Structure formats: C-alpha cells, structure tokens
Amino acid sequence: MEFKLEAHRIVSISLGKIYNSRGQRGGIKLHKNLLVSLVLRSARQVYLSDPCPGLYLAGSPVPPPQPGEPAAGPPAGWGEPPPPAARAAWPEPETPPERPAGPDARRAVDAEPAAPGAGDTLQGGEEPAGGAAAEEEEMETGNVANLISIFGSSFSGLLRKSPAGGREEAEAEESGPEAAEPGQICCDQPVLRDINPWSTAIVAF
Amino acid sequence: MVLQPSERHYRDWSDRRWKGQESRVLTDRLQSPADPRRSVNSVMLADIISTVEFNHTGELLATGDKGGRVVIFQREQESKNQVHRRGEYNVYSTFQSHEPEFDYLKSLEIEEKINKIRWLPQQNAAYFLLSTNDKTVKLWKVSERDKRPEGYNLKDEEGRLRDPATITTLRVPVLRPMDLMVEATPRRVFANAHTYHINSISVNSDYETYMSADDLRINLWNFEITNQSFNIVDIKPANMEELTEVITAAEFHPHHCNTFVYSSSKGTIRLCDMRASALCDRHTKFFEEPEDPSNRSFFSEIISSISDVKFSHSGRYIMTRDYLTVKVWDLNMENRPIETYQVHDYLRSKLCSLYENDCIFDKFECVWNGSDSVIMTGSYNNFFRMFDRNTKRDVTLEASRENSKPRAILKPRKVCVGGKRRKDEISVDSLDFSKKILHTAWHPSENIIAVAATNNLYIFQDKVN
C-alpha cells in the first residue's frame with residue numbers, strides 16, 4: 001500500500017514537472033522530460049499493479065490515517081468506495097500494463113465522457129471536513145487517478161496536433177518510453193475539452 | 001597534493017546587464033578587501049558560471065556564464081622578485097559571446113547561456129576558442145594590440161579628415177606603442193544546424209574539424225565552412241514516441257582523429273570510427289555495465305544517465321559521470337568499467353527528495369589531471385571530490401570564502417551519514433543543495449584547479465614548500 005501512495009505522489013510530482021516545463025525559458029528540455037516520463041511510467045506501473053482495489057483514488061477506506069500524504073488522509077467523505085456509476089465508467093481500473101494498446105485505448109476513450117460525470121459525483125458527494133484545502137487535494141488525486149487510467153499504454157493518447165514548428169518538440173515530450181506498447185491513440189477534441197484541468201494541461205503541452 | 005587558494009574572482013555588479021524579470025537578485029554581503037573589483041553585494045542569475053576550461057598550455061582559463069558572457073583569465077608571468085607567489089590568474093578579456101534570441105517559427109526563446117567552451121591549440125599570436133549556447137557555435141579570436149599607427153596624412157589624430165589645402169608634406173604613418181588592448185572578434189558563426197539543444201562541442205586532433213552534439217544528433221564541421229556540416233550520428237527514431245534515449249555528451253579521441261565517443265541517458269557509451277561509414281549510427285564499441293538489480297528504484301534510470309564523458313590524456317581510458325558515481329573505462333573492455341568511485345552515495349536514500357527539488361537532474365562534469373592519475377568532480381554544499389587512481393585515496397574539499405584566505409590550506413571535509421556526528425563533519429541533512437559544483441577544470445600540466453561555485457570562480461594551487 002505504501003508503494004501505491006508513493007507511486008501516486010511521484011506521478012503527481014512528475015506531471016507537475018512536465019506541466020511547468022512548458023513555460024521554461026529556452027524551450028522544452030528533451031532530456032529532462034524524457035527522464036521524467038520514464039519515472040512517470042515506472043510509478044504508473046507500480047500504481048496499477050499494486051493489488052489494492054478501491055484505493056485507486058488514493059484514499060484509505062478505513063482509519064488509521066496515512067502519515068505524510070495529505071491527500072490520502074481520511075476526511076469524512078472518503079470512506080466509501082466510488083459510486084457504482086463511476087465504477088462502470090472505468091470498467092477495469094486495474095488493467096495490467098501488459099495489455100495490448102488497442103483495446104485499452106478504446107476503453108480509455110470510451111471512459112472519457114463518463115469521467116467528468118463521475119468526478120463531479122465524487123466531488124459533489126463528498127463533504128470533507130477539512131474544507132476548501134482538502135477539497136483541492138481530493139480533486140488533484142481524482143485527476144491523477146483519472147490520468148493514470150487515461151494514459152493507458154501511451155502518452156500519445158493525449159497528443160494533440162500542434163502548429164508545425166512546435167510539433168517536433170511537443171511530440172518528443174509525449175514520447176513513448178512506451179516502446180513496448182506502440183499505438184497511436186487519438187482522442188477527439190470535443191472529448192478532451194471535458195476533462196478537468198490537470199488533463200487539459202497535459203493535452204495543451 | 002596540498003591545495004591552497006590562489007584567488008577568487010567575483011562577478012562584479014557594476015558591469016552586469018539587468019536582464020529583467022528572469023533575473024533574481026540575491027543579496028550577498030561580503031567583507032571587501034582592498035581591491036574594489038572584489039566588493040560585490042549582489043549576485044544575479046546571469047552571473048552563474050556555466051563552463052570552465054583551461055587552454056592547452058594552461059596559460060589561459062576561460063569561463064562562460066548564463067548571461068552569455070565569456071571571461072578569460074591569464075596567468076601572469078612569474079617574476080624573479082616574487083618567487084613565493086606563483087603565477088596568478090587575472091582577467092585578460094571579457095566579451096559577450098551570445099545574446100538571447102527568439103525563434104519565431106517555434107515561438108521559443110533561445111537562451112544565451114554558454115554551455116561549453118573549447119580552446120583551439122595555439123598556432124599564431126592570437127588565441128582561438130569555440131563557445132556555444134543551445135543552438136549556435138561561434139569561433140572567437142582573442143588577440144592583443146599594443147601598437148597603433150600614428151601620423152596619417154589625410155586624417156588628424158582624432159580621425160577627422162584634414163582640409164586638403166593644409167596638407168603640404170607627405171609622411172608615412174609609424175607604429176607607436178599603446179596600452180595593451182585585448183580584443184575578441186567573432187570569426188565564424190556556425191548556426192542553424194541543430195534542432196535540439198547542443199550539449200557538447202569537441203575539437204578534433206586534426207585541428208581542422210570539430211563536432212557539435214545535441215540530444216539526438218552529432219554534426220561534424222570544418223572550421224572554415226559555416227554553411228554546411230556533416231551529420232555523423234542521428235539517433236532520432238522515425239516515430240518520436242519510440243524515443244528511449246538521448247545523447248548527453250560527446251568527445252573526440254585526443255590522438256585519433258577518426259574516433260569519438262558519445263554517452264547516452266541510458267548510461268551507455270558508444271565509440272565510433274568515422275572511417276567505417278559516413279553516418280556512424282553503428283558503433284564500433286559499446287560500453288555498458290549491467291545494472292545491479294538490488295539498487296532498482298523509481299529513479300534508477302535518471303541516476304544512470306551519464307552527464308559527462310572525457311577521454312584521458314593518454315587516450316586509453318574514458319571517464320564517465322552519472323549522478324552518484326564516476327567510472328573509468330578501459331577502451332579495450334566494454335562490459336564493465338575498470339574503476340568505479342562513489343561521489344556521494346549517501347544521497348541514494350534521498351533520491352525522491354532530490355527528484356522533487358530537481359537536483360537529481362543536475363549535470364556534473366568530471367576532469368582528469370595532466371598525468372591521468374587523479375580525477376576530480378563536484379558535489380553539493382560546494383564540495384568537490386578528488387580520487388587518486390593509484391593510491392585509491394580520495395578527498396572531499398570545499399570551495400568557500402572561509403577557506404579562501406590567502407595561504408590557508410584546504411582542509412578535507414567529511415559527510416557524516418548517520419549516527420554520531422564528529423566535530424568537523426557535516427550531516428547529510430545539513431547539506432546545502434543550492435550550492436553545487438558542476439564545473440571544474442584542471443591545468444594540463446600543473447596542479448592548479450579551477451572550481452566554479454555558482455557565480456564564484458575559485459582557483460587552487462598546489463602548495464609550494
């Protein structure tokens with residue numbers, strides 16, 4: 001379980017780095033972003049392979065409180081597993097990484113339209129005792145968990161066509177350390193717009 | 001070897017250019033000795049030294065900084081009167097090598113930071129060096145002028161044209177001595193050859209060609225030709241999504257002009273022979289050490305990425321630096337290094353924090369001494385490490401103001417890894433990770449080292465008894 005939390009934290013940090021690198025002076029650093037994406041992949045694999053069902057939203061189902069990880073603290077509303085509607089939207093959150101890209105990708109895309117709905121349900125339904133700050137953190141973990149399942153087997157799933165000049169470098173950032181699981185996954189733009197802020201950040205990147 | 005501080009050069013606030021929002025002013029009060037050039041009370045990001053390099057004789061030392069400036073120091077001639085003061089390095093020339101640029105097609109700013117400086121061997125009275133930022137390499141000529149022509153016929157002393165009616169005699173201008181002036185002029189600009197960020201340049205032993213390496217490609221240039229270069233390595237995959245590694249450093253063999261090596265982010269080194277084919281995508285030798293499975297973590301790939309590769313002066317060995325170690329490889333043995341030195345293994349348990357604060361991406365360089373018997377590399381807290389390959393002894397030293405009083409001797413430092421901390425030791429948690437020594441240089445023949453600590457350049461010399 002600690003591995004899962006650690007992995008989750010590393011995924012959040014890595015996504016933050018990728019997002020911030022967009023604004024860096026001198027352009028995106030290919031080397032650094034490649035390394036970050038390798039870490040992201042390792043953390044994601046650990047996250048998805050850790051056999052703790054119901055934890056994929058990074059909440060502990062029961063007390064005692066998890067130390068050190070604020071988002072994983074047990075605010076009042078986190079106790080129950082996600083509502084069945086959300087479950088249905090993500091048919092197999094614990095998809096093993098070795099699955100071929102095709103079916104995964106399609107499932108991830110299919111899950112897209114339902115995701116915001118499920119996310120809303122969670123955020124609306126829960127009323128954390130911690131107030132606004134805890135709510136922020138819950139949103140973050142929800143987003144991260146979304147992204148982990150969305151990513152499926154390749155970051156190219158979220159790659160959007162950039163203007164000609166920028167494409168080369170943008171592609172590089174999204175690139176597959178996922179060499180073992182090739183596959184072009186293209187999400188339609190209207191779908192992408194419905195994804196909450198974190199995902200949008202990656203897409204724009 | 002006992003090291004003494006020789007001098008320390010500060011970045012002078014008064015001739016800095018204000019860079020605007022992306023510079024941060026850090027106040028740094030110092031005791032100012034008599035020399036006014038040394039009184040500095042603020043440090044700017046543009047002053048951070050990004051490369052240090054001695055020339056082939058060791059007479060000159062060049063530094064490049066984030067602001068695109070190059071400062072060259074020259075060793076003063078040792079005088080018979082002051083035997084106890086061996087030659088000190090003083091500022092010889094300062095010039096702006098690169099300016100910030102904007103790539104309109106990609107809407108990207110191109111940083112002016114000098115990534116590398118490499119000297120050409122001296123062939124006449126002038127000095128030549130290559131300096132590069134992320135995209136453009138420039139050849140600079142640094143020359144002295146100590147005479148100027150005087151006594152023109154048609155112009156007066158200020159250069160104004162004289163009224164022809166007043167000219168009644170003819171004279172020949174003569175060269176008269178003047179105050180020494182050192183001027184730097186850009187002789188060649190090698191641009192538009194790199195899509196990705198240049199990380200290395202290396203002058204070939206034929207002194208006619210050099211190479212420049214970016215993340216995915218290496219180009220070969222002739223010094224005389226700026227509008228063409230040959231691409232000799234290209235590891236860009238057809239589908240960028242299959243990208244798994246990038247080029248991190250490259251260098252020519254010191255004696256064989258057909259041989260070069262390049263290192264990768266996967267911890268491997270490839271040696272290539274340009275005689276084999278025009279495009280050296282197939283390596284001649286491949287150096288890789290099998291990974292120790294017990295050390296596997298989320299960050300294994302990052303810490304195995306090689307940040308620097310250097311041939312020994314003899315050409316028999318290569319040295320590589322990754323995040324935690326320095327390794328020496330024999331060119332004749334590809335399956336593992338012959339020596340591995342731990343630089344700061346106590347950081348192995350802190351990789352996650354170092355990932356968060358980005359320190360894990362720091363690119364440390366490594367250098368050989370003139371005889372290839374000692375290697376040196378930097379660490380955090382302004383520490384730098386030296387490893388004696390023969391005696392197997394190593395030492396940790398600190399580049400700091402307190403240690404830089406004249407004629408003081410550098411004391412070895414020690415990092416305490418746990419348990420009881422002895423009096424002079426520093427604990428791992430007290431290390432200052434913002435004070436990192438990434439760039440160092442060793443004089444080609446003497447025991448003189450230059451250490452860049454953020455915006456300060458420290459020069460240490462071996463103690464003379």
# chains A, B, ... in the order shown; residues from 1 in each chain; ligands from 1
$ residues_around --residues "B:Arg69" --least-positions-apart "4" --cutoff "9 Å" --atoms "only C-alpha atoms" --output "PyMOL selection string"
chain B and resi 46-47+63-65+94-99+112-114
$ write_last_selection --atoms "N, CA and C atoms" --output "PDB file, in the first residue's frame"
ATOM      1  N   ALA B  46      22.349  35.758 -14.103  1.00  0.00           N
ATOM      2  CA  ALA B  46      23.165  35.817 -15.308  1.00  0.00           C
ATOM      3  C   ALA B  46      24.631  35.594 -14.996  1.00  0.00           C
ATOM      4  N   ASP B  47      25.001  35.710 -13.733  1.00  0.00           N
ATOM      5  CA  ASP B  47      26.399  35.567 -13.361  1.00  0.00           C
ATOM      6  C   ASP B  47      26.787  34.135 -13.073  1.00  0.00           C
ATOM      7  N   THR B  63      35.929  31.180 -18.807  1.00  0.00           N
ATOM      8  CA  THR B  63      34.666  30.818 -18.161  1.00  0.00           C
ATOM      9  C   THR B  63      33.530  31.403 -18.980  1.00  0.00           C
ATOM     10  N   GLY B  64      32.428  30.670 -19.011  1.00  0.00           N
ATOM     11  CA  GLY B  64      31.225  31.172 -19.673  1.00  0.00           C
ATOM     12  C   GLY B  64      30.128  31.222 -18.624  1.00  0.00           C
ATOM     13  N   ASP B  65      29.173  32.119 -18.808  1.00  0.00           N
ATOM     14  CA  ASP B  65      28.116  32.194 -17.804  1.00  0.00           C
ATOM     15  C   ASP B  65      26.735  32.175 -18.438  1.00  0.00           C
ATOM     16  N   THR B  94      37.087  40.137 -21.576  1.00  0.00           N
ATOM     17  CA  THR B  94      35.685  39.854 -21.294  1.00  0.00           C
ATOM     18  C   THR B  94      34.882  40.232 -22.519  1.00  0.00           C
ATOM     19  N   PHE B  95      34.018  39.367 -22.962  1.00  0.00           N
ATOM     20  CA  PHE B  95      33.187  39.748 -24.104  1.00  0.00           C
ATOM     21  C   PHE B  95      31.857  39.013 -24.068  1.00  0.00           C
ATOM     22  N   GLN B  96      30.902  39.583 -24.750  1.00  0.00           N
ATOM     23  CA  GLN B  96      29.575  38.987 -24.851  1.00  0.00           C
ATOM     24  C   GLN B  96      29.593  38.031 -26.034  1.00  0.00           C
ATOM     25  N   SER B  97      29.521  36.759 -25.761  1.00  0.00           N
ATOM     26  CA  SER B  97      29.612  35.780 -26.837  1.00  0.00           C
ATOM     27  C   SER B  97      28.256  35.554 -27.509  1.00  0.00           C
ATOM     28  N   HIS B  98      27.240  35.307 -26.701  1.00  0.00           N
ATOM     29  CA  HIS B  98      25.922  35.013 -27.258  1.00  0.00           C
ATOM     30  C   HIS B  98      24.878  35.932 -26.642  1.00  0.00           C
ATOM     31  N   GLU B  99      23.891  36.277 -27.452  1.00  0.00           N
ATOM     32  CA  GLU B  99      22.776  37.077 -26.969  1.00  0.00           C
ATOM     33  C   GLU B  99      21.523  36.222 -26.965  1.00  0.00           C
ATOM     34  N   GLU B 112      20.876  32.412 -23.944  1.00  0.00           N
ATOM     35  CA  GLU B 112      22.235  32.839 -24.271  1.00  0.00           C
ATOM     36  C   GLU B 112      23.290  32.145 -23.425  1.00  0.00           C
ATOM     37  N   LYS B 113      22.842  31.306 -22.542  1.00  0.00           N
ATOM     38  CA  LYS B 113      23.774  30.627 -21.638  1.00  0.00           C
ATOM     39  C   LYS B 113      24.835  29.867 -22.425  1.00  0.00           C
ATOM     40  N   ILE B 114      26.082  30.034 -22.023  1.00  0.00           N
ATOM     41  CA  ILE B 114      27.192  29.343 -22.683  1.00  0.00           C
ATOM     42  C   ILE B 114      27.249  27.926 -22.121  1.00  0.00           C
TER      43      ILE B 114
END
$ select_by_dssp --residues "stretch 199-282 of chain B" --states "strand (DSSP E or B)" --output "PyMOL selection string"
chain B and resi 200-203+209-213+217-222+225-234+247-252+259-264+269-273
$ write_last_selection --atoms "C-alpha atoms" --output "PDB file, in the first residue's frame"
ATOM      1  CA  SER B 200      28.825  19.294 -26.276  1.00  0.00           C
ATOM      2  CA  ILE B 201      31.477  20.521 -28.645  1.00  0.00           C
ATOM      3  CA  SER B 202      34.818  18.872 -29.224  1.00  0.00           C
ATOM      4  CA  VAL B 203      37.800  19.957 -31.290  1.00  0.00           C
ATOM      5  CA  THR B 209      37.312  19.922 -37.778  1.00  0.00           C
ATOM      6  CA  TYR B 210      35.169  19.822 -34.694  1.00  0.00           C
ATOM      7  CA  MET B 211      31.880  18.270 -33.711  1.00  0.00           C
ATOM      8  CA  SER B 212      28.781  19.600 -32.015  1.00  0.00           C
ATOM      9  CA  ALA B 213      26.296  17.286 -30.328  1.00  0.00           C
ATOM     10  CA  ARG B 217      22.332  14.308 -33.481  1.00  0.00           C
ATOM     11  CA  ILE B 218      26.030  14.959 -33.838  1.00  0.00           C
ATOM     12  CA  ASN B 219      27.381  17.184 -36.603  1.00  0.00           C
ATOM     13  CA  LEU B 220      30.901  17.453 -37.953  1.00  0.00           C
ATOM     14  CA  TRP B 221      32.137  20.884 -39.007  1.00  0.00           C
ATOM     15  CA  ASN B 222      35.130  22.286 -40.770  1.00  0.00           C
ATOM     16  CA  ILE B 225      32.925  26.381 -43.572  1.00  0.00           C
ATOM     17  CA  THR B 226      29.932  27.736 -41.740  1.00  0.00           C
ATOM     18  CA  ASN B 227      27.068  26.975 -44.074  1.00  0.00           C
ATOM     19  CA  GLN B 228      27.480  23.222 -44.109  1.00  0.00           C
ATOM     20  CA  SER B 229      28.050  20.465 -41.649  1.00  0.00           C
ATOM     21  CA  PHE B 230      28.032  16.701 -41.888  1.00  0.00           C
ATOM     22  CA  ASN B 231      25.648  14.747 -39.733  1.00  0.00           C
ATOM     23  CA  ILE B 232      27.622  11.811 -38.335  1.00  0.00           C
ATOM     24  CA  VAL B 233      25.245  10.468 -35.693  1.00  0.00           C
ATOM     25  CA  ASP B 234      21.476  10.529 -35.746  1.00  0.00           C
ATOM     26  CA  ILE B 247      22.845  11.857 -26.404  1.00  0.00           C
ATOM     27  CA  THR B 248      24.244  13.528 -23.314  1.00  0.00           C
ATOM     28  CA  ALA B 249      27.910  14.213 -24.159  1.00  0.00           C
ATOM     29  CA  ALA B 250      30.426  13.610 -26.926  1.00  0.00           C
ATOM     30  CA  GLU B 251      34.171  13.942 -27.370  1.00  0.00           C
ATOM     31  CA  PHE B 252      36.848  13.242 -29.949  1.00  0.00           C
ATOM     32  CA  THR B 259      37.497   8.204 -33.326  1.00  0.00           C
ATOM     33  CA  PHE B 260      34.985   9.739 -30.979  1.00  0.00           C
ATOM     34  CA  VAL B 261      32.677   8.661 -28.178  1.00  0.00           C
ATOM     35  CA  TYR B 262      29.226   9.726 -27.122  1.00  0.00           C
ATOM     36  CA  SER B 263      27.307   8.936 -23.974  1.00  0.00           C
ATOM     37  CA  SER B 264      23.590   8.426 -23.543  1.00  0.00           C
ATOM     38  CA  ILE B 269      28.857   4.898 -24.161  1.00  0.00           C
ATOM     39  CA  ARG B 270      29.391   4.294 -27.839  1.00  0.00           C
ATOM     40  CA  LEU B 271      32.729   4.599 -29.579  1.00  0.00           C
ATOM     41  CA  CYS B 272      32.542   5.317 -33.280  1.00  0.00           C
ATOM     42  CA  ASP B 273      35.039   5.248 -36.093  1.00  0.00           C
TER      43      ASP B 273
END
$ atom_distance --atom1 "atom CA of B:Phe361" --atom2 "atom CA of A:Ser14"
12.9 Å
$ interface_residues --of "chain B" --to "chain A" --cutoff "8 Å" --atoms "only C-alpha atoms" --output "MDAnalysis selection string"
chainID B and resid 105:111 196:197 215 240:246 265 298:299 301:302 356 361
